[in-house]
file query.txt (compact mmCIF, N, CA and C atoms and all ligand atoms)
# COMPACT_ATOMS: atom_id res chain seq x y z
N MET A 1 103.30 81.89 79.12
CA MET A 1 102.76 83.22 79.35
C MET A 1 101.23 83.18 79.26
N SER A 2 100.55 83.75 80.27
CA SER A 2 99.10 83.73 80.20
C SER A 2 98.63 84.79 79.20
N GLU A 3 97.46 84.50 78.61
CA GLU A 3 96.99 85.41 77.57
C GLU A 3 96.36 86.67 78.17
N TYR A 4 96.67 87.77 77.57
CA TYR A 4 96.15 89.05 78.07
C TYR A 4 94.72 89.27 77.55
N ASP A 5 93.81 89.58 78.48
CA ASP A 5 92.44 89.87 78.10
C ASP A 5 92.24 91.40 78.10
N PRO A 6 92.06 92.02 76.94
CA PRO A 6 91.96 93.48 76.90
C PRO A 6 90.63 94.04 77.40
N GLN A 7 89.64 93.15 77.60
CA GLN A 7 88.29 93.60 77.93
C GLN A 7 88.19 94.47 79.18
N PRO A 8 88.76 94.03 80.33
CA PRO A 8 88.60 94.86 81.54
C PRO A 8 89.19 96.26 81.36
N VAL A 9 90.34 96.35 80.72
CA VAL A 9 90.96 97.68 80.55
C VAL A 9 90.14 98.51 79.56
N SER A 10 89.59 97.86 78.51
CA SER A 10 88.72 98.58 77.58
C SER A 10 87.53 99.20 78.31
N GLN A 11 86.94 98.41 79.20
CA GLN A 11 85.80 98.91 79.98
C GLN A 11 86.18 100.14 80.78
N LEU A 12 87.35 100.07 81.43
CA LEU A 12 87.79 101.20 82.26
C LEU A 12 88.05 102.43 81.40
N ILE A 13 88.61 102.21 80.23
CA ILE A 13 88.86 103.34 79.32
C ILE A 13 87.52 103.97 78.92
N GLU A 14 86.55 103.11 78.60
CA GLU A 14 85.21 103.61 78.24
C GLU A 14 84.58 104.41 79.37
N GLN A 15 84.71 103.86 80.59
CA GLN A 15 84.13 104.56 81.75
C GLN A 15 84.70 105.97 81.90
N HIS A 16 85.91 106.15 81.41
CA HIS A 16 86.54 107.48 81.49
C HIS A 16 86.47 108.20 80.13
N GLU A 17 85.52 107.76 79.31
CA GLU A 17 85.24 108.39 78.01
C GLU A 17 86.47 108.49 77.11
N ALA A 18 87.39 107.56 77.30
CA ALA A 18 88.62 107.49 76.48
C ALA A 18 89.33 108.83 76.42
N ARG A 19 89.32 109.54 77.56
CA ARG A 19 89.97 110.86 77.58
C ARG A 19 91.42 110.70 78.04
N PRO A 20 92.37 111.08 77.19
CA PRO A 20 93.78 110.90 77.54
C PRO A 20 94.18 111.64 78.82
N GLU A 21 93.50 112.76 79.12
CA GLU A 21 93.85 113.49 80.34
C GLU A 21 93.39 112.75 81.61
N MET A 22 92.63 111.67 81.41
CA MET A 22 92.20 110.86 82.56
C MET A 22 93.15 109.68 82.79
N LEU A 23 94.31 109.70 82.16
CA LEU A 23 95.22 108.55 82.24
C LEU A 23 95.52 108.12 83.69
N VAL A 24 95.82 109.08 84.56
CA VAL A 24 96.18 108.72 85.93
C VAL A 24 95.00 108.01 86.61
N GLN A 25 93.80 108.55 86.43
CA GLN A 25 92.61 107.93 87.03
C GLN A 25 92.38 106.53 86.44
N ILE A 26 92.60 106.41 85.14
CA ILE A 26 92.40 105.09 84.51
C ILE A 26 93.43 104.10 85.05
N LEU A 27 94.67 104.56 85.23
CA LEU A 27 95.70 103.66 85.77
C LEU A 27 95.36 103.21 87.19
N HIS A 28 94.82 104.15 87.99
CA HIS A 28 94.39 103.75 89.34
C HIS A 28 93.32 102.67 89.24
N ALA A 29 92.40 102.85 88.31
CA ALA A 29 91.32 101.87 88.14
C ALA A 29 91.89 100.52 87.66
N VAL A 30 92.89 100.57 86.80
CA VAL A 30 93.51 99.32 86.31
C VAL A 30 94.16 98.57 87.48
N VAL A 31 94.88 99.32 88.34
CA VAL A 31 95.52 98.67 89.49
C VAL A 31 94.46 98.11 90.44
N ALA A 32 93.37 98.87 90.63
CA ALA A 32 92.31 98.38 91.52
C ALA A 32 91.70 97.09 90.94
N ARG A 33 91.58 97.01 89.62
CA ARG A 33 90.96 95.85 88.99
C ARG A 33 91.92 94.67 88.86
N LEU A 34 93.15 94.94 88.37
CA LEU A 34 94.07 93.85 88.04
C LEU A 34 95.18 93.64 89.08
N GLY A 35 95.35 94.62 89.97
CA GLY A 35 96.41 94.50 90.97
C GLY A 35 97.73 95.10 90.50
N TYR A 36 97.86 95.35 89.21
CA TYR A 36 99.08 95.94 88.66
C TYR A 36 98.79 96.39 87.23
N VAL A 37 99.79 97.00 86.58
CA VAL A 37 99.61 97.46 85.21
C VAL A 37 100.48 96.60 84.29
N PRO A 38 99.90 95.60 83.66
CA PRO A 38 100.71 94.75 82.78
C PRO A 38 101.22 95.53 81.57
N GLU A 39 102.33 95.05 81.01
CA GLU A 39 102.90 95.69 79.82
C GLU A 39 101.86 95.77 78.70
N ASP A 40 101.06 94.72 78.54
CA ASP A 40 100.02 94.73 77.49
C ASP A 40 99.00 95.85 77.72
N ALA A 41 98.73 96.14 78.99
CA ALA A 41 97.77 97.22 79.29
C ALA A 41 98.37 98.56 78.92
N ILE A 42 99.67 98.70 79.10
CA ILE A 42 100.34 99.96 78.72
C ILE A 42 100.19 100.17 77.21
N ARG A 43 100.43 99.09 76.47
CA ARG A 43 100.28 99.15 75.00
C ARG A 43 98.84 99.54 74.63
N GLN A 44 97.89 98.85 75.28
CA GLN A 44 96.48 99.09 74.98
C GLN A 44 96.07 100.53 75.33
N LEU A 45 96.51 101.01 76.49
CA LEU A 45 96.17 102.38 76.90
C LEU A 45 96.73 103.38 75.89
N ALA A 46 97.96 103.15 75.46
CA ALA A 46 98.57 104.06 74.48
C ALA A 46 97.73 104.07 73.20
N ASP A 47 97.38 102.87 72.70
CA ASP A 47 96.59 102.77 71.47
C ASP A 47 95.23 103.44 71.61
N GLU A 48 94.51 103.06 72.68
CA GLU A 48 93.12 103.51 72.79
C GLU A 48 92.97 104.97 73.23
N LEU A 49 94.00 105.50 73.89
CA LEU A 49 93.92 106.90 74.31
C LEU A 49 94.68 107.82 73.36
N ASN A 50 95.24 107.17 72.32
CA ASN A 50 95.97 107.97 71.34
C ASN A 50 97.18 108.68 71.95
N LEU A 51 97.89 107.95 72.77
CA LEU A 51 99.11 108.48 73.39
C LEU A 51 100.28 107.62 72.92
N SER A 52 101.48 108.09 73.12
CA SER A 52 102.62 107.23 72.79
C SER A 52 102.85 106.29 73.97
N ARG A 53 103.49 105.16 73.70
CA ARG A 53 103.77 104.22 74.77
C ARG A 53 104.72 104.87 75.80
N ALA A 54 105.62 105.71 75.30
CA ALA A 54 106.56 106.41 76.20
C ALA A 54 105.80 107.31 77.17
N ASP A 55 104.72 107.95 76.69
CA ASP A 55 103.91 108.81 77.57
C ASP A 55 103.32 107.98 78.72
N VAL A 56 102.74 106.84 78.35
CA VAL A 56 102.09 106.00 79.37
C VAL A 56 103.14 105.46 80.33
N HIS A 57 104.26 104.98 79.78
CA HIS A 57 105.34 104.48 80.62
C HIS A 57 105.83 105.55 81.59
N GLY A 58 105.93 106.78 81.09
CA GLY A 58 106.41 107.88 81.92
C GLY A 58 105.52 108.08 83.13
N VAL A 59 104.21 108.04 82.92
CA VAL A 59 103.27 108.23 84.03
C VAL A 59 103.33 107.04 84.98
N VAL A 60 103.39 105.84 84.41
CA VAL A 60 103.43 104.62 85.25
C VAL A 60 104.67 104.64 86.14
N SER A 61 105.81 105.03 85.59
CA SER A 61 107.02 104.97 86.41
C SER A 61 107.12 106.17 87.37
N TYR A 62 106.38 107.24 87.10
CA TYR A 62 106.43 108.40 87.99
C TYR A 62 105.70 108.12 89.31
N TYR A 63 104.59 107.41 89.23
CA TYR A 63 103.78 107.17 90.43
C TYR A 63 104.13 105.82 91.03
N HIS A 64 104.40 105.84 92.35
CA HIS A 64 104.81 104.60 92.99
C HIS A 64 103.68 103.58 93.12
N ASP A 65 102.44 104.05 92.99
CA ASP A 65 101.31 103.14 93.16
C ASP A 65 101.12 102.21 91.96
N PHE A 66 101.73 102.55 90.84
CA PHE A 66 101.47 101.79 89.62
C PHE A 66 102.53 100.72 89.41
N ARG A 67 102.41 99.62 90.13
CA ARG A 67 103.40 98.56 89.94
C ARG A 67 103.14 97.87 88.61
N THR A 68 104.21 97.34 88.00
CA THR A 68 104.08 96.69 86.69
C THR A 68 104.24 95.18 86.78
N GLU A 69 104.39 94.69 88.01
CA GLU A 69 104.47 93.24 88.22
C GLU A 69 103.31 92.85 89.12
N PRO A 70 102.81 91.62 88.98
CA PRO A 70 101.74 91.20 89.89
C PRO A 70 102.26 91.26 91.33
N PRO A 71 101.44 91.73 92.26
CA PRO A 71 101.91 91.82 93.64
C PRO A 71 102.02 90.45 94.29
N GLY A 72 102.83 90.37 95.36
CA GLY A 72 102.90 89.15 96.16
C GLY A 72 101.61 89.00 96.95
N ARG A 73 101.55 87.95 97.75
CA ARG A 73 100.36 87.71 98.55
C ARG A 73 100.16 88.85 99.55
N HIS A 74 101.28 89.43 100.00
CA HIS A 74 101.23 90.54 100.95
C HIS A 74 102.00 91.72 100.39
N VAL A 75 101.52 92.92 100.69
CA VAL A 75 102.22 94.13 100.24
C VAL A 75 102.67 94.90 101.48
N VAL A 76 103.98 95.13 101.56
CA VAL A 76 104.56 95.87 102.67
C VAL A 76 105.14 97.18 102.14
N LYS A 77 104.66 98.28 102.69
CA LYS A 77 105.18 99.58 102.29
C LYS A 77 105.96 100.16 103.47
N ILE A 78 107.16 100.61 103.19
CA ILE A 78 107.96 101.24 104.24
C ILE A 78 108.09 102.72 103.91
N CYS A 79 107.73 103.56 104.88
CA CYS A 79 107.74 104.99 104.63
C CYS A 79 109.16 105.51 104.45
N GLN A 80 109.34 106.28 103.37
CA GLN A 80 110.66 106.82 103.04
C GLN A 80 110.69 108.33 103.17
N ALA A 81 109.66 108.91 103.74
CA ALA A 81 109.64 110.37 103.89
C ALA A 81 110.51 110.76 105.10
N GLU A 82 110.66 112.07 105.24
CA GLU A 82 111.70 112.61 106.12
C GLU A 82 111.69 112.09 107.57
N ALA A 83 110.53 112.17 108.21
CA ALA A 83 110.47 111.81 109.63
C ALA A 83 110.86 110.34 109.82
N CYS A 84 110.40 109.50 108.92
CA CYS A 84 110.72 108.07 109.04
C CYS A 84 112.17 107.80 108.68
N GLN A 85 112.69 108.52 107.70
CA GLN A 85 114.11 108.35 107.38
C GLN A 85 114.97 108.72 108.57
N ALA A 86 114.60 109.80 109.24
CA ALA A 86 115.38 110.25 110.40
C ALA A 86 115.37 109.20 111.51
N MET A 87 114.34 108.35 111.50
CA MET A 87 114.23 107.33 112.56
C MET A 87 114.65 105.95 112.06
N GLY A 88 115.30 105.90 110.91
CA GLY A 88 115.91 104.62 110.51
C GLY A 88 115.18 103.81 109.45
N SER A 89 114.30 104.45 108.66
CA SER A 89 113.56 103.64 107.69
C SER A 89 114.45 103.07 106.58
N ARG A 90 115.58 103.75 106.27
CA ARG A 90 116.48 103.19 105.24
C ARG A 90 117.05 101.85 105.69
N GLU A 91 117.46 101.79 106.94
CA GLU A 91 118.00 100.54 107.48
C GLU A 91 116.91 99.46 107.47
N LEU A 92 115.68 99.91 107.73
CA LEU A 92 114.56 98.97 107.73
C LEU A 92 114.34 98.39 106.32
N VAL A 93 114.49 99.24 105.31
CA VAL A 93 114.35 98.76 103.93
C VAL A 93 115.44 97.73 103.63
N ALA A 94 116.66 98.03 104.03
CA ALA A 94 117.77 97.09 103.78
C ALA A 94 117.48 95.77 104.47
N HIS A 95 116.99 95.85 105.70
CA HIS A 95 116.64 94.63 106.44
C HIS A 95 115.53 93.87 105.71
N ALA A 96 114.51 94.59 105.28
CA ALA A 96 113.38 93.94 104.61
C ALA A 96 113.84 93.28 103.32
N GLU A 97 114.66 93.97 102.55
CA GLU A 97 115.11 93.41 101.27
C GLU A 97 115.88 92.11 101.47
N SER A 98 116.58 92.02 102.57
CA SER A 98 117.36 90.80 102.77
C SER A 98 116.56 89.69 103.44
N SER A 99 115.37 90.03 103.97
CA SER A 99 114.67 88.99 104.73
C SER A 99 113.31 88.58 104.18
N LEU A 100 112.76 89.36 103.25
CA LEU A 100 111.41 89.03 102.81
C LEU A 100 111.36 87.89 101.79
N GLY A 101 110.33 87.11 101.89
CA GLY A 101 110.11 86.03 100.92
C GLY A 101 109.48 86.56 99.65
N SER A 102 109.41 85.69 98.64
CA SER A 102 108.93 86.13 97.32
C SER A 102 107.43 86.38 97.30
N ASP A 103 106.72 85.97 98.34
CA ASP A 103 105.27 86.22 98.34
C ASP A 103 104.94 87.58 98.94
N VAL A 104 105.97 88.37 99.22
CA VAL A 104 105.76 89.71 99.77
C VAL A 104 106.31 90.74 98.80
N THR A 105 105.48 91.73 98.45
CA THR A 105 105.94 92.83 97.61
C THR A 105 106.31 94.00 98.50
N LEU A 106 107.51 94.49 98.34
CA LEU A 106 108.00 95.61 99.13
C LEU A 106 107.94 96.88 98.29
N GLU A 107 107.32 97.92 98.83
CA GLU A 107 107.20 99.16 98.07
C GLU A 107 107.51 100.36 98.95
N PRO A 108 108.06 101.41 98.34
CA PRO A 108 108.25 102.64 99.12
C PRO A 108 106.92 103.39 99.20
N VAL A 109 106.79 104.19 100.25
CA VAL A 109 105.62 105.06 100.34
C VAL A 109 106.14 106.36 100.95
N TYR A 110 105.49 107.47 100.66
CA TYR A 110 106.01 108.75 101.13
C TYR A 110 105.02 109.42 102.05
N CYS A 111 105.13 109.07 103.31
CA CYS A 111 104.34 109.53 104.45
C CYS A 111 103.01 108.79 104.54
N LEU A 112 102.85 108.15 105.66
CA LEU A 112 101.61 107.42 105.95
C LEU A 112 100.75 108.21 106.93
N GLY A 113 101.16 109.44 107.19
CA GLY A 113 100.41 110.26 108.15
C GLY A 113 100.59 109.77 109.57
N ASN A 114 101.67 109.05 109.81
CA ASN A 114 101.90 108.47 111.13
C ASN A 114 103.30 108.86 111.62
N CYS A 115 103.71 110.08 111.25
CA CYS A 115 105.09 110.54 111.49
C CYS A 115 105.46 110.51 112.97
N ALA A 116 104.48 110.77 113.84
CA ALA A 116 104.78 110.82 115.27
C ALA A 116 105.26 109.45 115.78
N CYS A 117 104.93 108.41 115.04
CA CYS A 117 105.34 107.06 115.44
C CYS A 117 106.33 106.48 114.43
N ALA A 118 107.21 107.34 113.90
CA ALA A 118 108.18 106.89 112.90
C ALA A 118 109.19 105.90 113.53
N PRO A 119 109.75 105.00 112.74
CA PRO A 119 109.41 104.76 111.34
C PRO A 119 108.13 103.93 111.20
N SER A 120 107.36 104.28 110.19
CA SER A 120 106.06 103.62 109.99
C SER A 120 106.07 102.74 108.75
N ILE A 121 105.30 101.71 108.82
CA ILE A 121 105.13 100.83 107.66
C ILE A 121 103.64 100.55 107.47
N MET A 122 103.30 100.03 106.31
CA MET A 122 101.93 99.60 106.07
C MET A 122 101.98 98.16 105.57
N VAL A 123 101.25 97.30 106.24
CA VAL A 123 101.23 95.90 105.85
C VAL A 123 99.81 95.54 105.44
N ASP A 124 99.63 95.22 104.18
CA ASP A 124 98.31 94.89 103.65
C ASP A 124 97.27 95.92 104.06
N GLY A 125 97.65 97.19 103.96
CA GLY A 125 96.70 98.27 104.21
C GLY A 125 96.63 98.73 105.65
N LYS A 126 97.35 98.06 106.56
CA LYS A 126 97.28 98.45 107.97
C LYS A 126 98.58 99.17 108.36
N THR A 127 98.45 100.36 108.94
CA THR A 127 99.62 101.14 109.33
C THR A 127 100.13 100.69 110.70
N ILE A 128 101.44 100.55 110.80
CA ILE A 128 102.07 100.14 112.05
C ILE A 128 103.24 101.10 112.30
N GLY A 129 103.34 101.62 113.53
CA GLY A 129 104.38 102.60 113.84
C GLY A 129 105.48 102.02 114.71
N ARG A 130 106.54 102.84 114.87
CA ARG A 130 107.71 102.50 115.67
C ARG A 130 108.23 101.10 115.35
N VAL A 131 108.55 100.91 114.08
CA VAL A 131 108.96 99.58 113.63
C VAL A 131 110.48 99.50 113.50
N ASP A 132 111.10 98.71 114.35
CA ASP A 132 112.52 98.41 114.13
C ASP A 132 112.60 97.03 113.49
N SER A 133 113.81 96.56 113.23
CA SER A 133 113.90 95.30 112.48
C SER A 133 113.31 94.11 113.25
N LYS A 134 113.41 94.15 114.59
CA LYS A 134 112.82 93.04 115.37
C LYS A 134 111.31 93.03 115.25
N ARG A 135 110.74 94.23 115.38
CA ARG A 135 109.27 94.32 115.29
C ARG A 135 108.82 93.94 113.88
N PHE A 136 109.61 94.39 112.90
CA PHE A 136 109.31 94.07 111.51
C PHE A 136 109.23 92.54 111.34
N ASP A 137 110.23 91.86 111.86
CA ASP A 137 110.25 90.39 111.73
C ASP A 137 109.05 89.75 112.41
N ARG A 138 108.69 90.30 113.57
CA ARG A 138 107.53 89.72 114.29
C ARG A 138 106.24 89.91 113.49
N VAL A 139 106.07 91.12 112.93
CA VAL A 139 104.86 91.40 112.15
C VAL A 139 104.80 90.48 110.93
N LEU A 140 105.93 90.34 110.25
CA LEU A 140 105.95 89.50 109.04
C LEU A 140 105.78 88.01 109.37
N ALA A 141 106.33 87.61 110.49
CA ALA A 141 106.22 86.20 110.88
C ALA A 141 104.74 85.86 111.11
N ARG A 142 104.01 86.83 111.67
CA ARG A 142 102.57 86.61 111.89
C ARG A 142 101.82 86.43 110.59
N LEU A 143 102.32 87.06 109.54
CA LEU A 143 101.69 86.90 108.22
C LEU A 143 102.10 85.61 107.55
N GLY A 144 103.19 85.04 108.03
CA GLY A 144 103.77 83.91 107.33
C GLY A 144 104.48 84.40 106.07
N GLY A 145 104.97 85.65 106.11
CA GLY A 145 105.53 86.25 104.90
C GLY A 145 107.03 86.20 104.77
N THR A 146 107.74 85.69 105.77
CA THR A 146 109.20 85.64 105.62
C THR A 146 109.61 84.35 104.94
N ALA A 147 110.78 84.39 104.31
CA ALA A 147 111.25 83.23 103.54
C ALA A 147 111.59 82.08 104.45
S1 LIG B 1 107.17 110.55 107.38
FE1 LIG B 1 106.72 108.46 107.62
S2 LIG B 1 104.67 108.50 108.29
FE2 LIG B 1 105.09 110.56 107.86

call {"tool": "encode", "arguments": {"input": "query.txt", "output": "structure tokens"}}
result
Amino acid sequence: MSEYDPQPVSQLIEQHEARPEMLVQILHAVVARLGYVPEDAIRQLADELNLSRADVHGVVSYYHDFRTEPPGRHVVKICQAEACQAMGSRELVAHAESSLGSDVTLEPVYCLGNCACAPSIMVDGKTIGRVDSKRFDRVLARLGGTA
């Protein structure tokens, strides 16, 4: 297990004046800095913001952006909001789960603002519309992200 360095998270807490009501903003900053929210950071945030660990966990699990595992080399988000579901995004998730390699992190997202081209996905920050399983495979193959 690699050793946890509390310094970066301490800095972010300080930047937000250690205000517990800034927890969501601090968590966004932690993800921007570390790529995810490690369990040790949850403990540290609870201690330094004077919150219970359950409070911090509750916020982390409520927001989909706060992953608790280090991300893969690529992050693929498949839209799960209504327009995309109506166009088959659930099937796309099932396809992705069975075909993605371990270097790809799959996450749900709720509307990418690309509903007219549903189902939509986001691959490493780039939105792609009208994605069926064949197109999905082609996009991922270009990344070298399939197993
Ligand atoms: S519902 Fe999927 S992009 Fe809007």

call {"tool": "residues_near_ligand", "arguments": {"input": "query.txt", "ligand": "ligand LIG 1 (chain B)", "cutoff": "8 Å", "atoms": "all atoms listed in the file", "output": "number ranges by chain"}}
result
A: 78-86, 109-121

call {"tool": "closest_residue", "arguments": {"input": "query.txt", "among": "A:Leu140, A:Tyr4, A:Gly129, A:Val104", "to": "Asp40 (chain A)", "atoms": "all atoms listed in the file"}}
result
A:Tyr4

call {"tool": "residues_around", "arguments": {"input": "query.txt", "residues": "Val123 (chain A)", "least_positions_apart": "2", "cutoff": "7 Å", "atoms": "only N, CA and C atoms", "output": "count of residues only"}}
result
9

call {"tool": "closest_residue", "arguments": {"input": "query.txt", "among": "A:Val60, A:Ala29, A:Ile13, A:Ala141", "to": "Asp47 (chain A)", "atoms": "only C-alpha atoms"}}
result
A:Ile13

call {"tool": "closest_residue", "arguments": {"input": "query.txt", "among": "A:Arg138, A:Arg73, A:Glu91, A:His57", "to": "Asp103 (chain A)", "atoms": "all atoms listed in the file"}}
result
A:Arg73

call {"tool": "residues_near_point", "arguments": {"input": "query.txt", "point": "(87.2, 101.9, 86.4)", "cutoff": "6.5 Å", "atoms": "all atoms listed in the file", "output": "tab-separated table (two decimals) with N, CA and C atoms, in the coordinates of the input"}}
result
chain	number	residue	atom	x	y	z
A	11	GLN	N	86.94	98.41	79.20
A	11	GLN	CA	85.80	98.91	79.98
A	11	GLN	C	86.18	100.14	80.78
A	12	LEU	N	87.35	100.07	81.43
A	12	LEU	CA	87.79	101.20	82.26
A	12	LEU	C	88.05	102.43	81.40
A	13	ILE	N	88.61	102.21	80.23
A	13	ILE	CA	88.86	103.34	79.32
A	13	ILE	C	87.52	103.97	78.92
A	15	GLN	N	84.71	103.86	80.59
A	15	GLN	CA	84.13	104.56	81.75
A	15	GLN	C	84.70	105.97	81.90
A	26	ILE	N	92.60	106.41	85.14
A	26	ILE	CA	92.40	105.09	84.51
A	26	ILE	C	93.43	104.10	85.05
A	29	ALA	N	92.40	102.85	88.31
A	29	ALA	CA	91.32	101.87	88.14
A	29	ALA	C	91.89	100.52	87.66
A	30	VAL	N	92.89	100.57	86.80
A	30	VAL	CA	93.51	99.32	86.31
A	30	VAL	C	94.16	98.57	87.48

call {"tool": "closest_residue", "arguments": {"input": "query.txt", "among": "A:Glu97, A:Arg90, A:Leu106, A:Ala32", "to": "Gly72 (chain A)", "atoms": "only N, CA and C atoms"}}
result
A:Leu106

call {"tool": "residues_near_point", "arguments": {"input": "query.txt", "point": "(100.6, 107.2, 87.9)", "cutoff": "8 Å", "atoms": "all atoms listed in the file", "output": "CSV table (one decimal) with N, CA and C atoms, keeping the file's coordinate frame"}}
result
chain,number,residue,atom,x,y,z
A,23,LEU,N,94.3,109.7,82.2
A,23,LEU,CA,95.2,108.6,82.2
A,23,LEU,C,95.5,108.1,83.7
A,24,VAL,N,95.8,109.1,84.6
A,24,VAL,CA,96.2,108.7,85.9
A,24,VAL,C,95.0,108.0,86.6
A,25,GLN,N,93.8,108.6,86.4
A,25,GLN,CA,92.6,107.9,87.0
A,25,GLN,C,92.4,106.5,86.4
A,27,LEU,N,94.7,104.6,85.2
A,27,LEU,CA,95.7,103.7,85.8
A,27,LEU,C,95.4,103.2,87.2
A,28,HIS,N,94.8,104.2,88.0
A,28,HIS,CA,94.4,103.8,89.3
A,28,HIS,C,93.3,102.7,89.2
A,58,GLY,N,105.9,106.8,81.1
A,58,GLY,CA,106.4,107.9,81.9
A,58,GLY,C,105.5,108.1,83.1
A,59,VAL,N,104.2,108.0,82.9
A,59,VAL,CA,103.3,108.2,84.0
A,59,VAL,C,103.3,107.0,85.0
A,60,VAL,N,103.4,105.8,84.4
A,60,VAL,CA,103.4,104.6,85.2
A,60,VAL,C,104.7,104.6,86.1
A,61,SER,N,105.8,105.0,85.6
A,61,SER,CA,107.0,105.0,86.4
A,61,SER,C,107.1,106.2,87.4
A,62,TYR,N,106.4,107.2,87.1
A,62,TYR,CA,106.4,108.4,88.0
A,62,TYR,C,105.7,108.1,89.3
A,63,TYR,N,104.6,107.4,89.2
A,63,TYR,CA,103.8,107.2,90.4
A,63,TYR,C,104.1,105.8,91.0
A,64,HIS,N,104.4,105.8,92.4
A,64,HIS,CA,104.8,104.6,93.0
A,64,HIS,C,103.7,103.6,93.1
A,65,ASP,N,102.4,104.0,93.0
A,65,ASP,CA,101.3,103.1,93.2
A,65,ASP,C,101.1,102.2,92.0
A,66,PHE,N,101.7,102.6,90.8
A,66,PHE,CA,101.5,101.8,89.6
A,66,PHE,C,102.5,100.7,89.4

call {"tool": "select_by_dssp", "arguments": {"input": "query.txt", "residues": "chain A", "states": "strand (DSSP E)", "output": "list in words"}}
result
His74, Val75, Val76, Lys77, Ile78, Cys79, Val104, Thr105, Leu106, Glu107, Pro108, Val109, Ile121, Met122, Val123, Lys126, Thr127 and Ile128 of chain A

call {"tool": "write_last_selection", "arguments": {"input": "query.txt", "atoms": "N, CA and C atoms", "output": "PDB file, in the frame of the given file"}}
result
ATOM      1  N   HIS A  74     101.280  89.430 100.000  1.00  0.00           N
ATOM      2  CA  HIS A  74     101.230  90.540 100.950  1.00  0.00           C
ATOM      3  C   HIS A  74     102.000  91.720 100.390  1.00  0.00           C
ATOM      4  N   VAL A  75     101.520  92.920 100.690  1.00  0.00           N
ATOM      5  CA  VAL A  75     102.220  94.130 100.240  1.00  0.00           C
ATOM      6  C   VAL A  75     102.670  94.900 101.480  1.00  0.00           C
ATOM      7  N   VAL A  76     103.980  95.130 101.560  1.00  0.00           N
ATOM      8  CA  VAL A  76     104.560  95.870 102.670  1.00  0.00           C
ATOM      9  C   VAL A  76     105.140  97.180 102.140  1.00  0.00           C
ATOM     10  N   LYS A  77     104.660  98.280 102.690  1.00  0.00           N
ATOM     11  CA  LYS A  77     105.180  99.580 102.290  1.00  0.00           C
ATOM     12  C   LYS A  77     105.960 100.160 103.470  1.00  0.00           C
ATOM     13  N   ILE A  78     107.160 100.610 103.190  1.00  0.00           N
ATOM     14  CA  ILE A  78     107.960 101.240 104.240  1.00  0.00           C
ATOM     15  C   ILE A  78     108.090 102.720 103.910  1.00  0.00           C
ATOM     16  N   CYS A  79     107.730 103.560 104.880  1.00  0.00           N
ATOM     17  CA  CYS A  79     107.740 104.990 104.630  1.00  0.00           C
ATOM     18  C   CYS A  79     109.160 105.510 104.450  1.00  0.00           C
ATOM     19  N   VAL A 104     105.970  88.370  99.220  1.00  0.00           N
ATOM     20  CA  VAL A 104     105.760  89.710  99.770  1.00  0.00           C
ATOM     21  C   VAL A 104     106.310  90.740  98.800  1.00  0.00           C
ATOM     22  N   THR A 105     105.480  91.730  98.450  1.00  0.00           N
ATOM     23  CA  THR A 105     105.940  92.830  97.610  1.00  0.00           C
ATOM     24  C   THR A 105     106.310  94.000  98.500  1.00  0.00           C
ATOM     25  N   LEU A 106     107.510  94.490  98.340  1.00  0.00           N
ATOM     26  CA  LEU A 106     108.000  95.610  99.130  1.00  0.00           C
ATOM     27  C   LEU A 106     107.940  96.880  98.290  1.00  0.00           C
ATOM     28  N   GLU A 107     107.320  97.920  98.830  1.00  0.00           N
ATOM     29  CA  GLU A 107     107.200  99.160  98.070  1.00  0.00           C
ATOM     30  C   GLU A 107     107.510 100.360  98.950  1.00  0.00           C
ATOM     31  N   PRO A 108     108.060 101.410  98.340  1.00  0.00           N
ATOM     32  CA  PRO A 108     108.250 102.640  99.120  1.00  0.00           C
ATOM     33  C   PRO A 108     106.920 103.390  99.200  1.00  0.00           C
ATOM     34  N   VAL A 109     106.790 104.190 100.250  1.00  0.00           N
ATOM     35  CA  VAL A 109     105.620 105.060 100.340  1.00  0.00           C
ATOM     36  C   VAL A 109     106.140 106.360 100.950  1.00  0.00           C
ATOM     37  N   ILE A 121     105.300 101.710 108.820  1.00  0.00           N
ATOM     38  CA  ILE A 121     105.130 100.830 107.660  1.00  0.00           C
ATOM     39  C   ILE A 121     103.640 100.550 107.470  1.00  0.00           C
ATOM     40  N   MET A 122     103.300 100.030 106.310  1.00  0.00           N
ATOM     41  CA  MET A 122     101.930  99.600 106.070  1.00  0.00           C
ATOM     42  C   MET A 122     101.980  98.160 105.570  1.00  0.00           C
ATOM     43  N   VAL A 123     101.250  97.300 106.240  1.00  0.00           N
ATOM     44  CA  VAL A 123     101.230  95.900 105.850  1.00  0.00           C
ATOM     45  C   VAL A 123      99.810  95.540 105.440  1.00  0.00           C
ATOM     46  N   LYS A 126      97.350  98.060 106.560  1.00  0.00           N
ATOM     47  CA  LYS A 126      97.280  98.450 107.970  1.00  0.00           C
ATOM     48  C   LYS A 126      98.580  99.170 108.360  1.00  0.00           C
ATOM     49  N   THR A 127      98.450 100.360 108.940  1.00  0.00           N
ATOM     50  CA  THR A 127      99.620 101.140 109.330  1.00  0.00           C
ATOM     51  C   THR A 127     100.130 100.690 110.700  1.00  0.00           C
ATOM     52  N   ILE A 128     101.440 100.550 110.800  1.00  0.00           N
ATOM     53  CA  ILE A 128     102.070 100.140 112.050  1.00  0.00           C
ATOM     54  C   ILE A 128     103.240 101.100 112.300  1.00  0.00           C
TER      55      ILE A 128
END

call {"tool": "atom_distance", "arguments": {"input": "query.txt", "atom1": "CA of Asp124 (chain A)", "atom2": "CA of Tyr36 (chain A)"}}
result
15.0 Å

call {"tool": "atom_distance", "arguments": {"input": "query.txt", "atom1": "atom N of Leu49 (chain A)", "atom2": "CA of Arg33 (chain A)"}}
result
18.2 Å

call {"tool": "atom_distance", "arguments": {"input": "query.txt", "atom1": "CA of Pro8 (chain A)", "atom2": "CA of Ser102 (chain A)"}}
result
27.2 Å

call {"tool": "closest_residue", "arguments": {"input": "query.txt", "among": "A:Leu143, A:Val37, A:Met87, A:Val31", "to": "Leu100 (chain A)", "atoms": "only C-alpha atoms"}}
result
A:Leu143

call {"tool": "decode", "arguments": {"input": "query.txt", "residues": "region 46-50 of chain A", "atoms": "C-alpha atoms", "output": "CSV table (one decimal), in the first residue's frame"}}
result
chain,number,residue,atom,x,y,z
A,46,ALA,CA,-13.8,14.6,8.5
A,47,ASP,CA,-11.1,15.3,11.1
A,48,GLU,CA,-10.1,18.7,9.8
A,49,LEU,CA,-13.6,20.0,9.0
A,50,ASN,CA,-15.0,18.7,12.2
